[in-house]
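K.L.:
Provided below: entry.txt, containing compact mmCIF, N, CA and C atoms.
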# COMPACT_ATOMS: atom_id res chain seq x y z
N MET A 1 2.64 53.23 -5.05
CA MET A 1 1.94 52.67 -6.18
C MET A 1 2.90 51.76 -6.95
N ASN A 2 2.44 50.56 -7.25
CA ASN A 2 3.35 49.66 -7.97
C ASN A 2 3.36 49.98 -9.46
N GLN A 3 4.38 49.49 -10.12
CA GLN A 3 4.59 49.79 -11.55
C GLN A 3 3.47 49.24 -12.43
N HIS A 4 2.88 48.11 -12.03
CA HIS A 4 1.77 47.54 -12.82
C HIS A 4 0.62 48.54 -12.91
N ILE A 5 0.23 49.09 -11.78
CA ILE A 5 -0.88 50.05 -11.76
C ILE A 5 -0.54 51.28 -12.59
N LYS A 6 0.67 51.78 -12.42
CA LYS A 6 1.10 52.96 -13.17
C LYS A 6 1.09 52.68 -14.68
N LYS A 7 1.58 51.50 -15.06
CA LYS A 7 1.64 51.14 -16.48
C LYS A 7 0.24 50.98 -17.09
N VAL A 8 -0.68 50.41 -16.32
CA VAL A 8 -2.03 50.17 -16.82
C VAL A 8 -2.86 51.44 -16.89
N TYR A 9 -2.68 52.34 -15.93
CA TYR A 9 -3.60 53.49 -15.81
C TYR A 9 -3.03 54.85 -16.21
N VAL A 10 -1.75 54.95 -16.49
CA VAL A 10 -1.18 56.23 -16.90
C VAL A 10 -0.40 56.03 -18.19
N PRO A 11 -0.80 56.62 -19.33
CA PRO A 11 -1.95 57.51 -19.49
C PRO A 11 -3.27 56.74 -19.35
N MET A 12 -4.29 57.46 -19.02
CA MET A 12 -5.58 56.90 -18.67
C MET A 12 -6.57 57.05 -19.82
N THR A 13 -7.45 56.07 -19.94
CA THR A 13 -8.53 56.20 -20.92
C THR A 13 -9.53 57.23 -20.40
N GLU A 14 -10.33 57.78 -21.30
CA GLU A 14 -11.37 58.72 -20.87
C GLU A 14 -12.33 58.05 -19.90
N THR A 15 -12.67 56.80 -20.18
CA THR A 15 -13.59 56.08 -19.31
C THR A 15 -13.04 55.99 -17.90
N ALA A 16 -11.80 55.56 -17.74
CA ALA A 16 -11.19 55.44 -16.41
C ALA A 16 -11.12 56.81 -15.74
N PHE A 17 -10.74 57.83 -16.49
CA PHE A 17 -10.64 59.19 -15.94
C PHE A 17 -11.98 59.64 -15.36
N TYR A 18 -13.03 59.51 -16.14
CA TYR A 18 -14.33 59.97 -15.68
C TYR A 18 -14.88 59.12 -14.53
N ILE A 19 -14.63 57.82 -14.55
CA ILE A 19 -15.07 56.99 -13.44
C ILE A 19 -14.40 57.44 -12.15
N LEU A 20 -13.08 57.59 -12.16
CA LEU A 20 -12.39 58.01 -10.95
C LEU A 20 -12.84 59.40 -10.51
N LEU A 21 -12.98 60.30 -11.45
CA LEU A 21 -13.43 61.65 -11.13
C LEU A 21 -14.82 61.63 -10.48
N CYS A 22 -15.71 60.85 -11.05
CA CYS A 22 -17.09 60.77 -10.54
C CYS A 22 -17.18 60.06 -9.19
N LEU A 23 -16.22 59.19 -8.91
CA LEU A 23 -16.27 58.44 -7.65
C LEU A 23 -15.55 59.14 -6.50
N LYS A 24 -15.24 60.42 -6.67
CA LYS A 24 -14.74 61.19 -5.53
C LYS A 24 -15.86 61.32 -4.50
N LYS A 25 -17.10 61.14 -4.97
CA LYS A 25 -18.27 61.03 -4.11
C LYS A 25 -18.88 59.67 -4.41
N PRO A 26 -19.42 58.99 -3.41
CA PRO A 26 -20.03 57.67 -3.66
C PRO A 26 -21.07 57.74 -4.77
N ASN A 27 -21.03 56.74 -5.65
CA ASN A 27 -21.96 56.72 -6.78
C ASN A 27 -22.08 55.30 -7.31
N HIS A 28 -23.07 55.08 -8.16
CA HIS A 28 -23.28 53.79 -8.82
C HIS A 28 -23.07 53.98 -10.32
N GLY A 29 -23.01 52.87 -11.03
CA GLY A 29 -22.70 52.91 -12.46
C GLY A 29 -23.59 53.84 -13.26
N TYR A 30 -24.91 53.73 -13.09
CA TYR A 30 -25.81 54.58 -13.86
C TYR A 30 -25.64 56.04 -13.47
N GLY A 31 -25.36 56.31 -12.20
CA GLY A 31 -25.10 57.67 -11.76
C GLY A 31 -23.86 58.25 -12.41
N ILE A 32 -22.85 57.40 -12.60
CA ILE A 32 -21.62 57.84 -13.28
C ILE A 32 -21.94 58.19 -14.72
N VAL A 33 -22.69 57.33 -15.39
CA VAL A 33 -23.08 57.59 -16.79
C VAL A 33 -23.78 58.93 -16.90
N GLN A 34 -24.72 59.18 -16.01
CA GLN A 34 -25.47 60.45 -16.04
C GLN A 34 -24.56 61.65 -15.76
N THR A 35 -23.67 61.52 -14.79
CA THR A 35 -22.76 62.61 -14.44
C THR A 35 -21.83 62.94 -15.60
N VAL A 36 -21.28 61.92 -16.24
CA VAL A 36 -20.37 62.14 -17.38
C VAL A 36 -21.11 62.84 -18.52
N GLU A 37 -22.33 62.41 -18.80
CA GLU A 37 -23.11 63.08 -19.86
C GLU A 37 -23.34 64.54 -19.52
N ARG A 38 -23.63 64.81 -18.25
CA ARG A 38 -23.85 66.20 -17.83
C ARG A 38 -22.56 67.02 -17.91
N LEU A 39 -21.45 66.47 -17.39
CA LEU A 39 -20.17 67.19 -17.39
C LEU A 39 -19.68 67.49 -18.80
N THR A 40 -19.92 66.57 -19.73
CA THR A 40 -19.42 66.72 -21.10
C THR A 40 -20.49 67.25 -22.05
N GLU A 41 -21.61 67.69 -21.49
CA GLU A 41 -22.73 68.20 -22.29
C GLU A 41 -23.14 67.22 -23.38
N GLY A 42 -23.12 65.94 -23.03
CA GLY A 42 -23.57 64.89 -23.93
C GLY A 42 -22.52 64.41 -24.92
N ALA A 43 -21.33 64.99 -24.90
CA ALA A 43 -20.29 64.61 -25.87
C ALA A 43 -19.76 63.20 -25.60
N ILE A 44 -19.78 62.77 -24.34
CA ILE A 44 -19.29 61.44 -24.00
C ILE A 44 -20.40 60.68 -23.31
N ARG A 45 -20.70 59.50 -23.87
CA ARG A 45 -21.71 58.61 -23.29
C ARG A 45 -21.05 57.27 -23.04
N LEU A 46 -20.94 56.91 -21.79
CA LEU A 46 -20.30 55.64 -21.43
C LEU A 46 -21.28 54.50 -21.64
N ALA A 47 -20.87 53.52 -22.43
CA ALA A 47 -21.70 52.35 -22.69
C ALA A 47 -21.71 51.45 -21.45
N PRO A 48 -22.85 50.81 -21.15
CA PRO A 48 -22.93 49.97 -19.96
C PRO A 48 -21.85 48.89 -19.89
N GLY A 49 -21.56 48.21 -20.99
CA GLY A 49 -20.54 47.16 -20.98
C GLY A 49 -19.17 47.70 -20.62
N THR A 50 -18.83 48.83 -21.19
CA THR A 50 -17.55 49.48 -20.90
C THR A 50 -17.51 49.93 -19.44
N MET A 51 -18.60 50.53 -19.00
CA MET A 51 -18.69 51.05 -17.63
C MET A 51 -18.52 49.94 -16.61
N TYR A 52 -19.30 48.88 -16.74
CA TYR A 52 -19.27 47.84 -15.71
C TYR A 52 -18.01 47.00 -15.78
N GLY A 53 -17.46 46.82 -16.97
CA GLY A 53 -16.17 46.14 -17.09
C GLY A 53 -15.06 46.94 -16.42
N SER A 54 -15.10 48.25 -16.61
CA SER A 54 -14.10 49.14 -16.00
C SER A 54 -14.24 49.17 -14.49
N LEU A 55 -15.48 49.24 -14.00
CA LEU A 55 -15.69 49.24 -12.55
C LEU A 55 -15.13 47.96 -11.93
N SER A 56 -15.39 46.84 -12.57
CA SER A 56 -14.90 45.56 -12.05
C SER A 56 -13.38 45.52 -12.01
N LYS A 57 -12.74 45.95 -13.10
CA LYS A 57 -11.27 45.94 -13.16
C LYS A 57 -10.67 46.91 -12.15
N MET A 58 -11.26 48.09 -12.04
CA MET A 58 -10.73 49.10 -11.11
C MET A 58 -10.91 48.65 -9.66
N GLU A 59 -12.00 47.96 -9.38
CA GLU A 59 -12.19 47.44 -8.02
C GLU A 59 -11.14 46.36 -7.73
N LYS A 60 -10.93 45.47 -8.70
CA LYS A 60 -9.92 44.42 -8.53
C LYS A 60 -8.52 45.01 -8.33
N ASP A 61 -8.23 46.11 -9.03
CA ASP A 61 -6.91 46.75 -8.93
C ASP A 61 -6.78 47.66 -7.71
N GLY A 62 -7.87 47.86 -6.96
CA GLY A 62 -7.82 48.65 -5.74
C GLY A 62 -7.98 50.15 -5.92
N LEU A 63 -8.42 50.60 -7.10
CA LEU A 63 -8.59 52.03 -7.34
C LEU A 63 -9.93 52.53 -6.82
N ILE A 64 -10.90 51.64 -6.77
CA ILE A 64 -12.21 51.97 -6.23
C ILE A 64 -12.61 50.84 -5.29
N GLN A 65 -13.60 51.12 -4.45
CA GLN A 65 -14.10 50.08 -3.57
C GLN A 65 -15.61 50.14 -3.48
N PHE A 66 -16.21 48.96 -3.37
CA PHE A 66 -17.64 48.84 -3.13
C PHE A 66 -17.88 49.26 -1.69
N ILE A 67 -18.87 50.14 -1.48
CA ILE A 67 -19.13 50.57 -0.10
C ILE A 67 -20.50 50.14 0.42
N ARG A 68 -21.47 50.01 -0.48
CA ARG A 68 -22.79 49.55 -0.04
C ARG A 68 -23.69 49.31 -1.25
N GLU A 69 -24.86 48.76 -0.98
CA GLU A 69 -25.85 48.56 -2.03
C GLU A 69 -27.09 49.37 -1.67
N GLU A 70 -27.63 50.06 -2.66
CA GLU A 70 -28.86 50.83 -2.49
C GLU A 70 -29.79 50.49 -3.64
N ASP A 71 -30.99 50.05 -3.33
CA ASP A 71 -31.97 49.72 -4.36
C ASP A 71 -31.38 48.85 -5.47
N LYS A 72 -30.67 47.82 -5.07
CA LYS A 72 -30.04 46.86 -5.98
C LYS A 72 -28.93 47.46 -6.84
N ARG A 73 -28.45 48.63 -6.47
CA ARG A 73 -27.33 49.27 -7.18
C ARG A 73 -26.11 49.26 -6.28
N LYS A 74 -24.97 48.87 -6.85
CA LYS A 74 -23.72 48.88 -6.09
C LYS A 74 -23.15 50.29 -6.07
N ILE A 75 -22.85 50.76 -4.88
CA ILE A 75 -22.28 52.09 -4.70
C ILE A 75 -20.78 51.93 -4.48
N TYR A 76 -20.00 52.68 -5.26
CA TYR A 76 -18.54 52.64 -5.19
C TYR A 76 -18.00 54.00 -4.78
N GLN A 77 -16.74 53.99 -4.33
CA GLN A 77 -16.04 55.23 -4.04
C GLN A 77 -14.55 55.04 -4.35
N ILE A 78 -13.90 56.11 -4.75
CA ILE A 78 -12.48 56.06 -5.07
C ILE A 78 -11.68 55.76 -3.79
N THR A 79 -10.58 55.04 -3.93
CA THR A 79 -9.69 54.74 -2.80
C THR A 79 -8.52 55.73 -2.82
N ASP A 80 -7.68 55.64 -1.80
CA ASP A 80 -6.48 56.48 -1.77
C ASP A 80 -5.60 56.20 -2.98
N LEU A 81 -5.47 54.92 -3.36
CA LEU A 81 -4.69 54.58 -4.55
C LEU A 81 -5.32 55.19 -5.80
N GLY A 82 -6.64 55.12 -5.89
CA GLY A 82 -7.33 55.72 -7.03
C GLY A 82 -7.11 57.22 -7.10
N LEU A 83 -7.14 57.88 -5.95
CA LEU A 83 -6.86 59.33 -5.92
C LEU A 83 -5.44 59.63 -6.37
N GLU A 84 -4.50 58.78 -5.96
CA GLU A 84 -3.10 58.96 -6.37
C GLU A 84 -2.96 58.82 -7.88
N VAL A 85 -3.61 57.82 -8.45
CA VAL A 85 -3.56 57.61 -9.90
C VAL A 85 -4.23 58.76 -10.64
N LEU A 86 -5.37 59.22 -10.13
CA LEU A 86 -6.08 60.34 -10.74
C LEU A 86 -5.21 61.60 -10.70
N GLN A 87 -4.52 61.84 -9.60
CA GLN A 87 -3.64 63.00 -9.50
C GLN A 87 -2.49 62.92 -10.51
N LEU A 88 -1.93 61.73 -10.68
CA LEU A 88 -0.87 61.54 -11.69
C LEU A 88 -1.38 61.89 -13.08
N GLU A 89 -2.59 61.44 -13.39
CA GLU A 89 -3.17 61.72 -14.71
C GLU A 89 -3.45 63.20 -14.87
N LEU A 90 -3.95 63.85 -13.83
CA LEU A 90 -4.21 65.29 -13.91
C LEU A 90 -2.91 66.07 -14.13
N LYS A 91 -1.85 65.67 -13.47
CA LYS A 91 -0.54 66.32 -13.68
C LYS A 91 -0.08 66.11 -15.11
N ARG A 92 -0.29 64.90 -15.65
CA ARG A 92 0.10 64.62 -17.04
C ARG A 92 -0.68 65.50 -18.00
N ILE A 93 -1.97 65.64 -17.77
CA ILE A 93 -2.82 66.48 -18.63
C ILE A 93 -2.39 67.94 -18.54
N GLU A 94 -2.11 68.42 -17.33
CA GLU A 94 -1.64 69.80 -17.15
C GLU A 94 -0.32 70.03 -17.89
N TRP A 95 0.58 69.05 -17.81
CA TRP A 95 1.86 69.13 -18.50
C TRP A 95 1.64 69.23 -20.02
N LEU A 96 0.75 68.39 -20.56
CA LEU A 96 0.44 68.44 -21.99
C LEU A 96 -0.14 69.80 -22.37
N TYR A 97 -1.01 70.31 -21.53
CA TYR A 97 -1.62 71.61 -21.79
C TYR A 97 -0.57 72.72 -21.81
N ARG A 98 0.34 72.70 -20.84
CA ARG A 98 1.41 73.72 -20.80
C ARG A 98 2.26 73.66 -22.06
N ILE A 99 2.60 72.47 -22.49
CA ILE A 99 3.41 72.32 -23.71
C ILE A 99 2.65 72.88 -24.90
N ALA A 100 1.38 72.57 -25.01
CA ALA A 100 0.57 73.07 -26.12
C ALA A 100 0.47 74.58 -26.09
N GLN A 101 0.33 75.17 -24.92
CA GLN A 101 0.23 76.63 -24.80
C GLN A 101 1.53 77.30 -25.22
N GLU A 102 2.66 76.69 -24.92
CA GLU A 102 3.94 77.26 -25.29
C GLU A 102 4.18 77.22 -26.80
N GLU A 103 3.56 76.27 -27.45
CA GLU A 103 3.75 76.11 -28.89
C GLU A 103 2.76 76.94 -29.70
N ILE A 104 1.78 77.51 -29.07
CA ILE A 104 0.73 78.26 -29.80
C ILE A 104 1.13 79.72 -29.90
Can you turn what I pasted into structure tokens?

P.N.:
Amino acid sequence: MNQHIKKVYVPMTETAFYILLCLKKPNHGYGIVQTVERLTEGAIRLAPGTMYGSLSKMEKDGLIQFIREEDKRKIYQITDLGLEVLQLELKRIEWLYRIAQEEI
């Protein structure tokens, strides 16, 4: 992973985190929005502009890839690079959690 990708995506925004997490299985933008709402019990609602801007940037950066179109919806899936970035972020979150637990 090059330093540009690491600098841009770690630490990760909630939007990027949920997009990568949701794209471990092929999905489209609206499906991601629905999944995030379900996972967060409605606490996080991704706005369409934010969602589609993020999908475009992440595809350009190689974290996700377009795999097919279904009913005029673009279906994306996480790439190996995207999985690597997601794993880095998960390790960072776990590290923060461990620190917080030690201080409580």

K.L.:
Counting only N, CA and C atoms, what is within 8 Å of stretch 71-74 of chain A, bar same-chain residues fewer than 2 positions away, as a VMD selection string?

P.N.:
chain A and resid 26 to 30 65 to 69 76 to 77

K.L.:
Using only C-alpha atoms, which of A:Met51, A:Leu63, A:Val36, A:Ile44 sits nearest A:Glu84?

P.N.:
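Closest candidate: A:Leu63.
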
K.L.:
Which of stretch 7-63 of chain A counts as helix (DSSP H, G or I) under DSSP, as a PyMOL selection string please?

P.N.:
chain A and resi 7-9+14-22+29-39+48-60

K.L.:
To one decimal place, how far is atom C of A:Ile78 from atom CA of A:Lys25 in Å?

P.N.:
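So the answer is 8.4 Å.
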
K.L.:
Do you have the atom CA of A:Gly62-atom N of A:Leu81 distance handy?

P.N.:
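About the pair atom CA of A:Gly62 and atom N of A:Leu81: they are 7.1 Å apart.
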
K.L.:
Place a sphere of radius 7 Å on (-15.2, 66.6, -13.0) in the file coordinates and name every protein, DNA or RNA residue with an atom inside or on its surface, counting all atoms listed in the file; give the answer as a list in words.

P.N.:
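Counting all atoms listed in the file, I find these residues within 7 Å of (-15.2, 66.6, -13.0): Leu21, Cys22 and Leu39 of chain A.
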
K.L.:
Store the residues of this selection in a file with N, CA and C atoms, as an mmCIF file, in the coordinates of the input.

P.N.:
data_model
loop_
_atom_site.group_PDB
_atom_site.id
_atom_site.type_symbol
_atom_site.label_atom_id
_atom_site.label_comp_id
_atom_site.auth_asym_id
_atom_site.auth_seq_id
_atom_site.Cartn_x
_atom_site.Cartn_y
_atom_site.Cartn_z
ATOM 1 N N LEU A 21 -12.980 60.300 -11.450
ATOM 2 C CA LEU A 21 -13.430 61.650 -11.130
ATOM 3 C C LEU A 21 -14.820 61.630 -10.480
ATOM 4 N N CYS A 22 -15.710 60.850 -11.050
ATOM 5 C CA CYS A 22 -17.090 60.770 -10.540
ATOM 6 C C CYS A 22 -17.180 60.060 -9.190
ATOM 7 N N LEU A 39 -21.450 66.470 -17.390
ATOM 8 C CA LEU A 39 -20.170 67.190 -17.390
ATOM 9 C C LEU A 39 -19.680 67.490 -18.800
#

K.L.:
Enumerate, as a PyMOL selection string, the complete set of residues in chain A that a backbone-based DSSP assignment places in strand (DSSP E).

P.N.:
chain A and resi 64-70+73-78

K.L.:
Expressed in Å to a single decimal, how great is the separation between atom CA of A:Met1 and atom CA of A:Glu14?

P.N.:
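Computed distance, atom CA of A:Met1 to atom CA of A:Glu14, equals 20.7 Å.
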
K.L.:
Would you kindly return, as a list in words, each protein, DNA or RNA residue with an atom no farther than 8 Å from any atom of A:Ile5, considering all atoms listed in the file and excluding same-chain residues fewer than 4 positions away?

P.N.:
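Listing them by chain and then by number gives Met1, Tyr9, Val10, Asp61 and Val85 of chain A.
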
K.L.:
So which one's closest to A:Glu89, A:Ser56, A:Thr13, A:Thr50, A:Thr40? Using only C-alpha atoms, please.

P.N.:
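Among the listed residues, the smallest separation from A:Glu89 belongs to A:Thr13.
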
K.L.:
Select, from A:Leu88, A:Ala100, A:Ile75, A:Ala16, the residue with the minimum atom-to-atom distance to A:Lys57, counting only C-alpha atoms.

P.N.:
A:Ala16

K.L.:
Return the single residue from A:Asn2, A:Pro48, A:Leu23, A:Leu90 that is closest to A:Ile64, with distances computed using all atoms listed in the file.

P.N.:
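Once distances to A:Ile64 are computed over all atoms listed in the file, the minimum belongs to A:Leu23.
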
K.L.:
Using the incomplete input, complete stretch 42-65 of chain A to the level of N, CA, C and O atoms; output as a compact mmCIF listing (two decimals), in the coordinates of the input.

P.N.:
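What follows is the written file rebuild33.txt:
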# COMPACT_ATOMS: atom_id res chain seq x y z
N GLY A 42 -23.12 65.94 -23.03
CA GLY A 42 -23.57 64.89 -23.93
C GLY A 42 -22.52 64.41 -24.92
O GLY A 42 -22.78 63.51 -25.71
N ALA A 43 -21.33 64.99 -24.90
CA ALA A 43 -20.29 64.61 -25.87
C ALA A 43 -19.76 63.20 -25.60
O ALA A 43 -19.35 62.51 -26.53
N ILE A 44 -19.78 62.77 -24.34
CA ILE A 44 -19.29 61.44 -24.00
C ILE A 44 -20.40 60.68 -23.31
O ILE A 44 -20.99 61.15 -22.33
N ARG A 45 -20.70 59.50 -23.87
CA ARG A 45 -21.71 58.61 -23.29
C ARG A 45 -21.05 57.27 -23.04
O ARG A 45 -20.61 56.61 -23.98
N LEU A 46 -20.94 56.91 -21.79
CA LEU A 46 -20.30 55.64 -21.43
C LEU A 46 -21.28 54.50 -21.64
O LEU A 46 -22.39 54.51 -21.11
N ALA A 47 -20.87 53.52 -22.43
CA ALA A 47 -21.70 52.35 -22.69
C ALA A 47 -21.71 51.45 -21.45
O ALA A 47 -20.69 51.33 -20.76
N PRO A 48 -22.85 50.81 -21.15
CA PRO A 48 -22.93 49.97 -19.96
C PRO A 48 -21.85 48.89 -19.89
O PRO A 48 -21.24 48.68 -18.84
N GLY A 49 -21.56 48.21 -20.99
CA GLY A 49 -20.54 47.16 -20.98
C GLY A 49 -19.17 47.70 -20.62
O GLY A 49 -18.45 47.11 -19.81
N THR A 50 -18.83 48.83 -21.19
CA THR A 50 -17.55 49.48 -20.90
C THR A 50 -17.51 49.93 -19.44
O THR A 50 -16.53 49.72 -18.74
N MET A 51 -18.60 50.53 -19.00
CA MET A 51 -18.69 51.05 -17.63
C MET A 51 -18.52 49.94 -16.61
O MET A 51 -17.67 50.02 -15.72
N TYR A 52 -19.30 48.88 -16.74
CA TYR A 52 -19.27 47.84 -15.71
C TYR A 52 -18.01 47.00 -15.78
O TYR A 52 -17.50 46.55 -14.75
N GLY A 53 -17.46 46.82 -16.97
CA GLY A 53 -16.17 46.14 -17.09
C GLY A 53 -15.06 46.94 -16.42
O GLY A 53 -14.21 46.40 -15.72
N SER A 54 -15.10 48.25 -16.61
CA SER A 54 -14.10 49.14 -16.00
C SER A 54 -14.24 49.17 -14.49
O SER A 54 -13.25 49.13 -13.76
N LEU A 55 -15.48 49.24 -14.00
CA LEU A 55 -15.69 49.24 -12.55
C LEU A 55 -15.13 47.96 -11.93
O LEU A 55 -14.46 48.01 -10.90
N SER A 56 -15.39 46.84 -12.57
CA SER A 56 -14.90 45.56 -12.05
C SER A 56 -13.38 45.52 -12.01
O SER A 56 -12.79 45.13 -11.01
N LYS A 57 -12.74 45.95 -13.10
CA LYS A 57 -11.27 45.94 -13.16
C LYS A 57 -10.67 46.91 -12.15
O LYS A 57 -9.72 46.59 -11.45
N MET A 58 -11.26 48.09 -12.04
CA MET A 58 -10.73 49.10 -11.11
C MET A 58 -10.91 48.65 -9.66
O MET A 58 -10.06 48.93 -8.82
N GLU A 59 -12.00 47.96 -9.38
CA GLU A 59 -12.19 47.44 -8.02
C GLU A 59 -11.14 46.36 -7.73
O GLU A 59 -10.51 46.36 -6.67
N LYS A 60 -10.93 45.47 -8.70
CA LYS A 60 -9.92 44.42 -8.53
C LYS A 60 -8.52 45.01 -8.33
O LYS A 60 -7.73 44.52 -7.52
N ASP A 61 -8.23 46.11 -9.03
CA ASP A 61 -6.91 46.75 -8.93
C ASP A 61 -6.78 47.66 -7.71
O ASP A 61 -5.71 48.22 -7.47
N GLY A 62 -7.87 47.86 -6.96
CA GLY A 62 -7.82 48.65 -5.74
C GLY A 62 -7.98 50.15 -5.92
O GLY A 62 -7.72 50.91 -4.98
N LEU A 63 -8.42 50.60 -7.10
CA LEU A 63 -8.59 52.03 -7.34
C LEU A 63 -9.93 52.53 -6.82
O LEU A 63 -10.07 53.72 -6.51
N ILE A 64 -10.90 51.64 -6.77
CA ILE A 64 -12.21 51.97 -6.23
C ILE A 64 -12.61 50.84 -5.29
O ILE A 64 -12.04 49.75 -5.33
N GLN A 65 -13.60 51.12 -4.45
CA GLN A 65 -14.10 50.08 -3.57
C GLN A 65 -15.61 50.14 -3.48
O GLN A 65 -16.21 51.21 -3.54
